[in-house]
$ cat protein_21.pdb   # PDB, C-alpha atoms
ATOM      1  CA  HIS A 528       0.000   0.000   0.000  1.00  0.00           C
ATOM      2  CA  THR A 529       2.968   2.349  -0.189  1.00  0.00           C
ATOM      3  CA  ALA A 530       1.560   3.520  -3.512  1.00  0.00           C
ATOM      4  CA  LYS A 531      -0.877   5.635  -1.495  1.00  0.00           C
ATOM      5  CA  PHE A 532       1.856   7.442   0.452  1.00  0.00           C
ATOM      6  CA  SER A 533       3.186  10.870  -0.420  1.00  0.00           C
ATOM      7  CA  TYR A 534       6.188  12.458   1.210  1.00  0.00           C
ATOM      8  CA  VAL A 535       6.286  16.159   1.983  1.00  0.00           C
ATOM      9  CA  PHE A 536       9.425  17.833   3.294  1.00  0.00           C
ATOM     10  CA  THR A 537       9.076  21.036   5.284  1.00  0.00           C
ATOM     11  CA  LYS A 538      12.503  21.591   6.865  1.00  0.00           C
ATOM     12  CA  MET A 539      14.443  22.438   3.721  1.00  0.00           C
ATOM     13  CA  GLU A 540      14.643  24.943   0.930  1.00  0.00           C
ATOM     14  CA  ARG A 541      12.779  24.335  -2.335  1.00  0.00           C
ATOM     15  CA  SER A 542      16.090  24.153  -4.187  1.00  0.00           C
ATOM     16  CA  GLN A 543      16.978  21.036  -2.172  1.00  0.00           C
ATOM     17  CA  GLY A 544      13.915  19.156  -3.463  1.00  0.00           C
ATOM     18  CA  ALA A 545      15.838  17.750  -6.436  1.00  0.00           C
ATOM     19  CA  ASN A 546      18.395  16.122  -4.097  1.00  0.00           C
ATOM     20  CA  ILE A 547      15.994  14.250  -1.820  1.00  0.00           C
ATOM     21  CA  SER A 548      15.871  11.065  -3.879  1.00  0.00           C
ATOM     22  CA  GLY A 549      19.649  10.803  -4.078  1.00  0.00           C
ATOM     23  CA  ALA A 550      20.017  11.417  -0.355  1.00  0.00           C
ATOM     24  CA  PHE A 551      17.633   8.581   0.509  1.00  0.00           C
ATOM     25  CA  ALA A 552      19.133   6.259  -2.094  1.00  0.00           C
ATOM     26  CA  SER A 553      22.669   6.812  -0.780  1.00  0.00           C
ATOM     27  CA  SER A 554      21.629   6.535   2.859  1.00  0.00           C
ATOM     28  CA  GLN A 555      20.289   3.004   2.211  1.00  0.00           C
ATOM     29  CA  ALA A 556      23.872   1.781   2.124  1.00  0.00           C
ATOM     30  CA  ASN A 557      24.373   3.123   5.662  1.00  0.00           C
ATOM     31  CA  LEU A 558      21.414   1.249   7.136  1.00  0.00           C
ATOM     32  CA  SER A 559      22.458  -1.518   9.514  1.00  0.00           C
ATOM     33  CA  GLN A 560      21.258  -5.104   9.336  1.00  0.00           C
ATOM     34  CA  SER A 561      18.752  -4.404  12.116  1.00  0.00           C
ATOM     35  CA  ASP A 562      17.146  -1.713   9.924  1.00  0.00           C
ATOM     36  CA  VAL A 563      15.935  -4.275   7.382  1.00  0.00           C
ATOM     37  CA  ASP A 564      12.290  -3.324   8.099  1.00  0.00           C
ATOM     38  CA  ILE A 565      12.862   0.299   7.052  1.00  0.00           C
ATOM     39  CA  ARG A 566      14.534  -0.466   3.698  1.00  0.00           C
ATOM     40  CA  PRO A 567      11.263  -0.693   1.717  1.00  0.00           C
ATOM     41  CA  LEU A 568      10.232   2.712   3.062  1.00  0.00           C
ATOM     42  CA  TRP A 569      13.597   4.256   2.082  1.00  0.00           C
ATOM     43  CA  GLN A 570      13.293   2.728  -1.407  1.00  0.00           C
ATOM     44  CA  ASP A 571       9.746   4.067  -1.761  1.00  0.00           C
ATOM     45  CA  ILE A 572      10.805   7.574  -0.742  1.00  0.00           C
ATOM     46  CA  ALA A 573      13.783   7.471  -3.132  1.00  0.00           C
ATOM     47  CA  ALA A 574      11.562   6.324  -6.024  1.00  0.00           C
ATOM     48  CA  LYS A 575       8.734   8.807  -5.431  1.00  0.00           C
ATOM     49  CA  THR A 576      11.026  11.792  -4.990  1.00  0.00           C
ATOM     50  CA  LYS A 577      13.165  10.951  -8.025  1.00  0.00           C
ATOM     51  CA  PRO A 578      11.800  13.625 -10.353  1.00  0.00           C
ATOM     52  CA  ARG A 579      11.625  16.164  -7.545  1.00  0.00           C
ATOM     53  CA  GLY A 580      10.690  15.907  -3.886  1.00  0.00           C
ATOM     54  CA  MET A 581       7.688  17.851  -2.659  1.00  0.00           C
ATOM     55  CA  VAL A 582       9.056  20.664  -0.505  1.00  0.00           C
ATOM     56  CA  VAL A 583       6.650  22.937   1.313  1.00  0.00           C
ATOM     57  CA  SER A 584       7.814  26.030   3.088  1.00  0.00           C
ATOM     58  CA  PRO A 585       4.915  27.143   5.290  1.00  0.00           C
ATOM     59  CA  LEU A 586       6.631  30.444   6.038  1.00  0.00           C
ATOM     60  CA  HIS A 587       7.538  31.325   2.455  1.00  0.00           C
ATOM     61  CA  ASP A 588       4.877  29.664   0.273  1.00  0.00           C
ATOM     62  CA  GLY A 589       1.856  31.635  -0.726  1.00  0.00           C
ATOM     63  CA  PRO A 590      -1.740  30.438  -0.498  1.00  0.00           C
ATOM     64  CA  ALA A 591      -1.679  29.118  -4.077  1.00  0.00           C
ATOM     65  CA  GLU A 592       1.300  26.807  -3.429  1.00  0.00           C
ATOM     66  CA  ARG A 593      -0.208  25.519  -0.190  1.00  0.00           C
ATOM     67  CA  ALA A 594      -3.595  24.930  -1.855  1.00  0.00           C
ATOM     68  CA  GLU A 595      -1.944  23.053  -4.743  1.00  0.00           C
ATOM     69  CA  MET A 596      -0.009  20.825  -2.360  1.00  0.00           C
ATOM     70  CA  LEU A 597      -3.091  20.093  -0.243  1.00  0.00           C
ATOM     71  CA  SER A 598      -5.273  19.299  -3.251  1.00  0.00           C
ATOM     72  CA  PHE A 599      -2.642  16.827  -4.470  1.00  0.00           C
ATOM     73  CA  LEU A 600      -2.275  15.158  -1.060  1.00  0.00           C
ATOM     74  CA  PHE A 601      -5.997  14.808  -0.472  1.00  0.00           C
ATOM     75  CA  SER A 602      -7.075  13.913  -3.987  1.00  0.00           C
ATOM     76  CA  GLU A 603      -9.165  10.789  -4.510  1.00  0.00           C
ATOM     77  CA  ASN A 604      -6.198   9.035  -6.180  1.00  0.00           C
ATOM     78  CA  ASN A 605      -4.141   9.311  -3.003  1.00  0.00           C
ATOM     79  CA  ALA A 606      -6.880   8.397  -0.552  1.00  0.00           C
ATOM     80  CA  ILE A 607      -6.651   5.285   1.599  1.00  0.00           C
ATOM     81  CA  ASN A 608     -10.300   4.320   1.725  1.00  0.00           C
ATOM     82  CA  THR A 609      -9.850   1.246   3.924  1.00  0.00           C
ATOM     83  CA  PRO A 610      -7.143   2.011   6.501  1.00  0.00           C
ATOM     84  CA  ALA A 611      -7.514  -1.369   8.215  1.00  0.00           C
ATOM     85  CA  GLU A 612      -6.371  -3.050   4.991  1.00  0.00           C
ATOM     86  CA  ALA A 613      -3.519  -0.615   4.418  1.00  0.00           C
ATOM     87  CA  PHE A 614      -2.046  -0.532   7.900  1.00  0.00           C
ATOM     88  CA  GLY A 615      -1.115  -3.610   9.820  1.00  0.00           C
ATOM     89  CA  LEU A 616       1.034  -4.497  12.738  1.00  0.00           C
ATOM     90  CA  CYS A 617       4.703  -3.955  12.037  1.00  0.00           C
ATOM     91  CA  ILE A 618       7.130  -5.296  14.605  1.00  0.00           C
ATOM     92  CA  PRO A 619      10.876  -5.374  13.943  1.00  0.00           C
ATOM     93  CA  ARG A 620      12.370  -8.855  13.804  1.00  0.00           C
ATOM     94  CA  ARG A 621      14.241  -8.569  17.122  1.00  0.00           C
ATOM     95  CA  SER A 622      11.191  -7.280  18.967  1.00  0.00           C
ATOM     96  CA  ARG A 623       9.058 -10.056  17.507  1.00  0.00           C
ATOM     97  CA  GLU A 624      11.624 -12.663  18.573  1.00  0.00           C
ATOM     98  CA  ALA A 625      11.676 -11.198  22.102  1.00  0.00           C
ATOM     99  CA  LEU A 626       7.882 -11.307  22.253  1.00  0.00           C
ATOM    100  CA  ILE A 627       7.788 -14.924  21.069  1.00  0.00           C
ATOM    101  CA  SER A 628      10.408 -15.791  23.677  1.00  0.00           C
ATOM    102  CA  GLN A 629       8.253 -14.119  26.345  1.00  0.00           C
ATOM    103  CA  LEU A 630       5.176 -16.021  25.155  1.00  0.00           C
ATOM    104  CA  ASN A 631       7.090 -19.297  25.353  1.00  0.00           C
ATOM    105  CA  LEU A 632       8.213 -18.466  28.904  1.00  0.00           C
ATOM    106  CA  HIS A 633       4.555 -17.922  29.823  1.00  0.00           C
ATOM    107  CA  ARG A 634       3.662 -21.251  28.220  1.00  0.00           C
ATOM    108  CA  LEU A 635       6.388 -23.100  30.148  1.00  0.00           C
ATOM    109  CA  SER A 636       5.405 -21.354  33.375  1.00  0.00           C
ATOM    110  CA  VAL A 637       1.768 -22.408  32.929  1.00  0.00           C
ATOM    111  CA  GLU A 638       2.801 -26.019  32.288  1.00  0.00           C
ATOM    112  CA  LYS A 639       5.129 -26.112  35.325  1.00  0.00           C
ATOM    113  CA  ALA A 640       2.555 -24.444  37.598  1.00  0.00           C
ATOM    114  CA  LEU A 641       0.004 -27.066  36.578  1.00  0.00           C
ATOM    115  CA  GLU A 642       2.484 -29.915  37.102  1.00  0.00           C
ATOM    116  CA  LYS A 643       3.246 -28.633  40.623  1.00  0.00           C
ATOM    117  CA  LYS A 644      -0.451 -27.966  41.293  1.00  0.00           C
ATOM    118  CA  ASN A 645       0.398 -24.350  42.103  1.00  0.00           C
ATOM    119  CA  LEU A 646      -3.024 -22.883  41.358  1.00  0.00           C
ATOM    120  CA  PRO A 647      -2.242 -19.272  42.406  1.00  0.00           C
ATOM    121  CA  LEU A 648       0.764 -19.199  40.037  1.00  0.00           C
ATOM    122  CA  LEU A 649      -1.240 -20.913  37.299  1.00  0.00           C
ATOM    123  CA  ARG A 650      -4.047 -18.361  37.625  1.00  0.00           C
ATOM    124  CA  PHE A 651      -1.547 -15.478  37.684  1.00  0.00           C
ATOM    125  CA  ARG A 652       0.336 -16.689  34.583  1.00  0.00           C
ATOM    126  CA  LEU A 653      -2.851 -17.308  32.624  1.00  0.00           C
ATOM    127  CA  GLN A 654      -4.092 -13.826  33.530  1.00  0.00           C
ATOM    128  CA  GLN A 655      -0.769 -12.316  32.413  1.00  0.00           C
ATOM    129  CA  LEU A 656      -0.866 -14.239  29.149  1.00  0.00           C
ATOM    130  CA  ARG A 657      -4.484 -13.264  28.512  1.00  0.00           C
ATOM    131  CA  ALA A 658      -3.681  -9.589  29.240  1.00  0.00           C
ATOM    132  CA  LEU A 659      -0.650  -9.693  26.948  1.00  0.00           C
ATOM    133  CA  CYS A 660      -2.695 -11.155  24.101  1.00  0.00           C
ATOM    134  CA  ALA A 661      -5.515  -8.665  24.751  1.00  0.00           C
ATOM    135  CA  GLU A 662      -3.237  -5.743  23.904  1.00  0.00           C
ATOM    136  CA  PRO A 663      -4.690  -4.277  20.688  1.00  0.00           C
ATOM    137  CA  LYS A 664      -1.561  -4.653  18.583  1.00  0.00           C
ATOM    138  CA  LEU A 665      -0.165  -7.833  20.141  1.00  0.00           C
ATOM    139  CA  GLY A 666      -3.474  -9.622  19.874  1.00  0.00           C
ATOM    140  CA  GLN A 667      -3.056  -9.549  16.089  1.00  0.00           C
ATOM    141  CA  LEU A 668       0.021 -11.771  16.294  1.00  0.00           C
ATOM    142  CA  PRO A 669      -0.769 -15.386  15.450  1.00  0.00           C
ATOM    143  CA  GLU A 670       1.805 -16.516  18.026  1.00  0.00           C
ATOM    144  CA  CYS A 671      -0.214 -14.879  20.820  1.00  0.00           C
ATOM    145  CA  ALA A 672      -3.382 -16.723  19.906  1.00  0.00           C
ATOM    146  CA  LYS A 673      -1.455 -19.962  19.391  1.00  0.00           C
ATOM    147  CA  VAL A 674       0.217 -19.899  22.834  1.00  0.00           C
ATOM    148  CA  LEU A 675      -2.983 -18.812  24.581  1.00  0.00           C
ATOM    149  CA  GLN A 676      -4.936 -21.593  22.870  1.00  0.00           C
ATOM    150  CA  HIS A 677      -2.205 -24.141  23.697  1.00  0.00           C
ATOM    151  CA  CYS A 678      -2.199 -23.152  27.379  1.00  0.00           C
ATOM    152  CA  THR A 679      -5.979 -23.241  27.620  1.00  0.00           C
ATOM    153  CA  GLN A 680      -6.171 -26.659  25.934  1.00  0.00           C
ATOM    154  CA  TYR A 681      -3.332 -27.964  28.108  1.00  0.00           C
ATOM    155  CA  VAL A 682      -5.056 -26.884  31.322  1.00  0.00           C
ATOM    156  CA  VAL A 683      -8.428 -28.290  30.199  1.00  0.00           C
ATOM    157  CA  ALA A 684      -6.820 -31.597  29.141  1.00  0.00           C
ATOM    158  CA  GLU A 685      -5.061 -31.928  32.511  1.00  0.00           C
ATOM    159  CA  ILE A 686      -8.256 -31.178  34.410  1.00  0.00           C
ATOM    160  CA  GLU A 687     -10.234 -33.682  32.309  1.00  0.00           C
ATOM    161  CA  HIS A 688      -7.477 -36.290  32.832  1.00  0.00           C
ATOM    162  CA  LYS A 689      -7.491 -35.799  36.617  1.00  0.00           C
ATOM    163  CA  PHE A 690     -11.267 -35.947  36.937  1.00  0.00           C
ATOM    164  CA  SER A 691     -12.099 -38.689  34.451  1.00  0.00           C
TER
END
$ encode --input "protein_21.pdb" --output "structure tokens"
Amino acid sequence: HTAKFSYVFTKMERSQGANISGAFASSQANLSQSDVDIRPLWQDIAAKTKPRGMVVSPLHDGPAERAEMLSFLFSENNAINTPAEAFGLCIPRRSREALISQLNLHRLSVEKALEKKNLPLLRFRLQQLRALCAEPKLGQLPECAKVLQHCTQYVVAEIEHKFS
């Protein structure tokens, strides 16, 4: 959905607009390995500003320039009509790995608490896991639902086994 994005630069002179694309293209080489998630954005900015970046100077532009820029930005062609489809959860790889590790620690803690029949700890860990997966953005992660479902099924299976 990056086709719907426009980039407007306000902290530079109009004469610098022609250099924006080159600056973003050359800065891609300086991105570290951990910045892999930002590379597509840098490439999109470099491509869209290639002919000339849109530079707006609120202090120096007249009403006609501002109106032209606003009509371009808010035209029907640039509209995102369904934001839920255009914007999704974006978590950097390291953060996602840390979250998955945390979810697995919760899973192991639930299993151990059940094995030791430590009901207060079991209740506490399940509440923590449920709260973590109820976070609006984290709840979208399939790993959250998977671990929560696993823990729930594990507890139910153990209870059924003990009482059957």
$ atom_distance --input "protein_21.pdb" --atom1 "CA of Ala640 in chain A" --atom2 "CA of Phe690 in chain A"
18.0 Å
$ resolve_selection --input "protein_21.pdb" --expression "the PyMOL selection byres ((chain A and resi 577) around 9)" --output "list in words"
Ala545, Asn546, Ile547, Ser548, Gly549, Ile572, Ala573, Ala574, Lys575, Thr576, Pro578, Arg579 and Gly580 of chain A
$ closest_residue --input "protein_21.pdb" --among "A:Cys671, A:Gln570, A:Ser636, A:Gln543" --to "Ala556 in chain A" --atoms "all atoms listed in the file"
A:Gln570
$ atom_distance --input "protein_21.pdb" --atom1 "CA of Glu642 in chain A" --atom2 "CA of Leu630 in chain A"
18.5 Å
$ atom_distance --input "protein_21.pdb" --atom1 "CA of Ser559 in chain A" --atom2 "CA of Leu665 in chain A"
25.8 Å
$ residues_around --input "protein_21.pdb" --residues "Met539 in chain A" --least-positions-apart "4" --cutoff "9 Å" --atoms "only C-alpha atoms" --output "ChimeraX atom specification"
/A:543-544,582-584
$ residues_around --input "protein_21.pdb" --residues "Ala658 in chain A" --least-positions-apart "4" --cutoff "12 Å" --atoms "all atoms listed in the file" --output "list in words"
Leu630, His633, Phe651, Arg652, Leu653, Gln654, Glu662, Pro663, Lys664, Leu665, Gly666, Cys671, Ala672 and Leu675 of chain A
$ write_last_selection --input "protein_21.pdb" --atoms "C-alpha atoms" --output "compact mmCIF listing (two decimals), in the frame of the given file"
# COMPACT_ATOMS: atom_id res chain seq x y z
CA LEU A 630 5.18 -16.02 25.16
CA HIS A 633 4.56 -17.92 29.82
CA PHE A 651 -1.55 -15.48 37.68
CA ARG A 652 0.34 -16.69 34.58
CA LEU A 653 -2.85 -17.31 32.62
CA GLN A 654 -4.09 -13.83 33.53
CA GLU A 662 -3.24 -5.74 23.90
CA PRO A 663 -4.69 -4.28 20.69
CA LYS A 664 -1.56 -4.65 18.58
CA LEU A 665 -0.16 -7.83 20.14
CA GLY A 666 -3.47 -9.62 19.87
CA CYS A 671 -0.21 -14.88 20.82
CA ALA A 672 -3.38 -16.72 19.91
CA LEU A 675 -2.98 -18.81 24.58
$ closest_residue --input "protein_21.pdb" --among "A:Glu687, A:Glu670, A:Leu646, A:Val682" --to "Arg623 in chain A" --atoms "only C-alpha atoms"
A:Glu670
$ axis_aligned_box --input "protein_21.pdb" --around "range 639-648 of chain A" --padding-each-side "5 Å" --output "lines of an AutoDock Vina configuration file"
center_x = 1.1
center_y = -24.6
center_z = 38.9
size_x = 18.2
size_y = 20.7
size_z = 17.1
$ closest_residue --input "protein_21.pdb" --among "A:Cys678, A:Leu649, A:Val535, A:Cys660" --to "Met596 in chain A" --atoms "all atoms listed in the file"
A:Val535
$ closest_residue --input "protein_21.pdb" --among "A:Pro567, A:Leu641, A:Met581, A:Ile686" --to "Glu595 in chain A" --atoms "all atoms listed in the file"
A:Met581
$ build_atoms --input "protein_21.pdb" --residues "range 624-644 of chain A" --atoms "N, CA, C and O atoms" --output "PDB file, keeping the file's coordinate frame"
ATOM      1  N   GLU A 624      10.958 -11.514  17.962  1.00  0.00           N
ATOM      2  CA  GLU A 624      11.624 -12.663  18.573  1.00  0.00           C
ATOM      3  C   GLU A 624      11.562 -12.580  20.094  1.00  0.00           C
ATOM      4  O   GLU A 624      11.344 -13.583  20.771  1.00  0.00           O
ATOM      5  N   ALA A 625      11.744 -11.377  20.652  1.00  0.00           N
ATOM      6  CA  ALA A 625      11.676 -11.198  22.102  1.00  0.00           C
ATOM      7  C   ALA A 625      10.265 -11.488  22.606  1.00  0.00           C
ATOM      8  O   ALA A 625      10.084 -12.115  23.663  1.00  0.00           O
ATOM      9  N   LEU A 626       9.267 -11.057  21.867  1.00  0.00           N
ATOM     10  CA  LEU A 626       7.882 -11.307  22.253  1.00  0.00           C
ATOM     11  C   LEU A 626       7.576 -12.802  22.211  1.00  0.00           C
ATOM     12  O   LEU A 626       6.954 -13.336  23.131  1.00  0.00           O
ATOM     13  N   ILE A 627       8.020 -13.480  21.174  1.00  0.00           N
ATOM     14  CA  ILE A 627       7.788 -14.924  21.069  1.00  0.00           C
ATOM     15  C   ILE A 627       8.486 -15.653  22.206  1.00  0.00           C
ATOM     16  O   ILE A 627       7.933 -16.586  22.803  1.00  0.00           O
ATOM     17  N   SER A 628       9.694 -15.204  22.548  1.00  0.00           N
ATOM     18  CA  SER A 628      10.408 -15.791  23.677  1.00  0.00           C
ATOM     19  C   SER A 628       9.621 -15.602  24.970  1.00  0.00           C
ATOM     20  O   SER A 628       9.499 -16.522  25.789  1.00  0.00           O
ATOM     21  N   GLN A 629       9.068 -14.403  25.158  1.00  0.00           N
ATOM     22  CA  GLN A 629       8.253 -14.119  26.345  1.00  0.00           C
ATOM     23  C   GLN A 629       7.007 -14.996  26.365  1.00  0.00           C
ATOM     24  O   GLN A 629       6.631 -15.523  27.414  1.00  0.00           O
ATOM     25  N   LEU A 630       6.360 -15.163  25.232  1.00  0.00           N
ATOM     26  CA  LEU A 630       5.176 -16.021  25.155  1.00  0.00           C
ATOM     27  C   LEU A 630       5.521 -17.460  25.519  1.00  0.00           C
ATOM     28  O   LEU A 630       4.773 -18.135  26.236  1.00  0.00           O
ATOM     29  N   ASN A 631       6.669 -17.935  25.037  1.00  0.00           N
ATOM     30  CA  ASN A 631       7.090 -19.297  25.353  1.00  0.00           C
ATOM     31  C   ASN A 631       7.413 -19.461  26.836  1.00  0.00           C
ATOM     32  O   ASN A 631       7.155 -20.516  27.417  1.00  0.00           O
ATOM     33  N   LEU A 632       7.973 -18.416  27.461  1.00  0.00           N
ATOM     34  CA  LEU A 632       8.213 -18.466  28.904  1.00  0.00           C
ATOM     35  C   LEU A 632       6.889 -18.559  29.665  1.00  0.00           C
ATOM     36  O   LEU A 632       6.785 -19.299  30.647  1.00  0.00           O
ATOM     37  N   HIS A 633       5.883 -17.825  29.211  1.00  0.00           N
ATOM     38  CA  HIS A 633       4.555 -17.922  29.823  1.00  0.00           C
ATOM     39  C   HIS A 633       4.006 -19.332  29.664  1.00  0.00           C
ATOM     40  O   HIS A 633       3.455 -19.899  30.618  1.00  0.00           O
ATOM     41  N   ARG A 634       4.169 -19.894  28.480  1.00  0.00           N
ATOM     42  CA  ARG A 634       3.662 -21.251  28.220  1.00  0.00           C
ATOM     43  C   ARG A 634       4.334 -22.253  29.166  1.00  0.00           C
ATOM     44  O   ARG A 634       3.664 -23.069  29.809  1.00  0.00           O
ATOM     45  N   LEU A 635       5.663 -22.183  29.268  1.00  0.00           N
ATOM     46  CA  LEU A 635       6.388 -23.100  30.148  1.00  0.00           C
ATOM     47  C   LEU A 635       5.985 -22.901  31.611  1.00  0.00           C
ATOM     48  O   LEU A 635       5.836 -23.865  32.359  1.00  0.00           O
ATOM     49  N   SER A 636       5.799 -21.659  31.999  1.00  0.00           N
ATOM     50  CA  SER A 636       5.405 -21.354  33.375  1.00  0.00           C
ATOM     51  C   SER A 636       4.021 -21.926  33.683  1.00  0.00           C
ATOM     52  O   SER A 636       3.789 -22.462  34.775  1.00  0.00           O
ATOM     53  N   VAL A 637       3.107 -21.838  32.751  1.00  0.00           N
ATOM     54  CA  VAL A 637       1.768 -22.408  32.929  1.00  0.00           C
ATOM     55  C   VAL A 637       1.874 -23.925  33.083  1.00  0.00           C
ATOM     56  O   VAL A 637       1.263 -24.521  33.980  1.00  0.00           O
ATOM     57  N   GLU A 638       2.659 -24.564  32.225  1.00  0.00           N
ATOM     58  CA  GLU A 638       2.801 -26.019  32.288  1.00  0.00           C
ATOM     59  C   GLU A 638       3.420 -26.456  33.610  1.00  0.00           C
ATOM     60  O   GLU A 638       2.953 -27.418  34.242  1.00  0.00           O
ATOM     61  N   LYS A 639       4.465 -25.763  34.062  1.00  0.00           N
ATOM     62  CA  LYS A 639       5.129 -26.112  35.325  1.00  0.00           C
ATOM     63  C   LYS A 639       4.206 -25.864  36.523  1.00  0.00           C
ATOM     64  O   LYS A 639       4.186 -26.653  37.463  1.00  0.00           O
ATOM     65  N   ALA A 640       3.476 -24.744  36.502  1.00  0.00           N
ATOM     66  CA  ALA A 640       2.555 -24.444  37.598  1.00  0.00           C
ATOM     67  C   ALA A 640       1.484 -25.517  37.699  1.00  0.00           C
ATOM     68  O   ALA A 640       1.097 -25.926  38.808  1.00  0.00           O
ATOM     69  N   LEU A 641       1.022 -26.020  36.567  1.00  0.00           N
ATOM     70  CA  LEU A 641       0.004 -27.066  36.578  1.00  0.00           C
ATOM     71  C   LEU A 641       0.598 -28.385  37.077  1.00  0.00           C
ATOM     72  O   LEU A 641      -0.030 -29.095  37.863  1.00  0.00           O
ATOM     73  N   GLU A 642       1.820 -28.691  36.643  1.00  0.00           N
ATOM     74  CA  GLU A 642       2.484 -29.915  37.102  1.00  0.00           C
ATOM     75  C   GLU A 642       2.661 -29.910  38.617  1.00  0.00           C
ATOM     76  O   GLU A 642       2.499 -30.932  39.281  1.00  0.00           O
ATOM     77  N   LYS A 643       2.998 -28.746  39.178  1.00  0.00           N
ATOM     78  CA  LYS A 643       3.246 -28.633  40.623  1.00  0.00           C
ATOM     79  C   LYS A 643       1.966 -28.344  41.410  1.00  0.00           C
ATOM     80  O   LYS A 643       2.015 -28.150  42.617  1.00  0.00           O
ATOM     81  N   LYS A 644       0.858 -28.261  40.688  1.00  0.00           N
ATOM     82  CA  LYS A 644      -0.451 -27.966  41.293  1.00  0.00           C
ATOM     83  C   LYS A 644      -0.426 -26.639  42.054  1.00  0.00           C
ATOM     84  O   LYS A 644      -1.055 -26.500  43.105  1.00  0.00           O
TER      85      LYS A 644
END
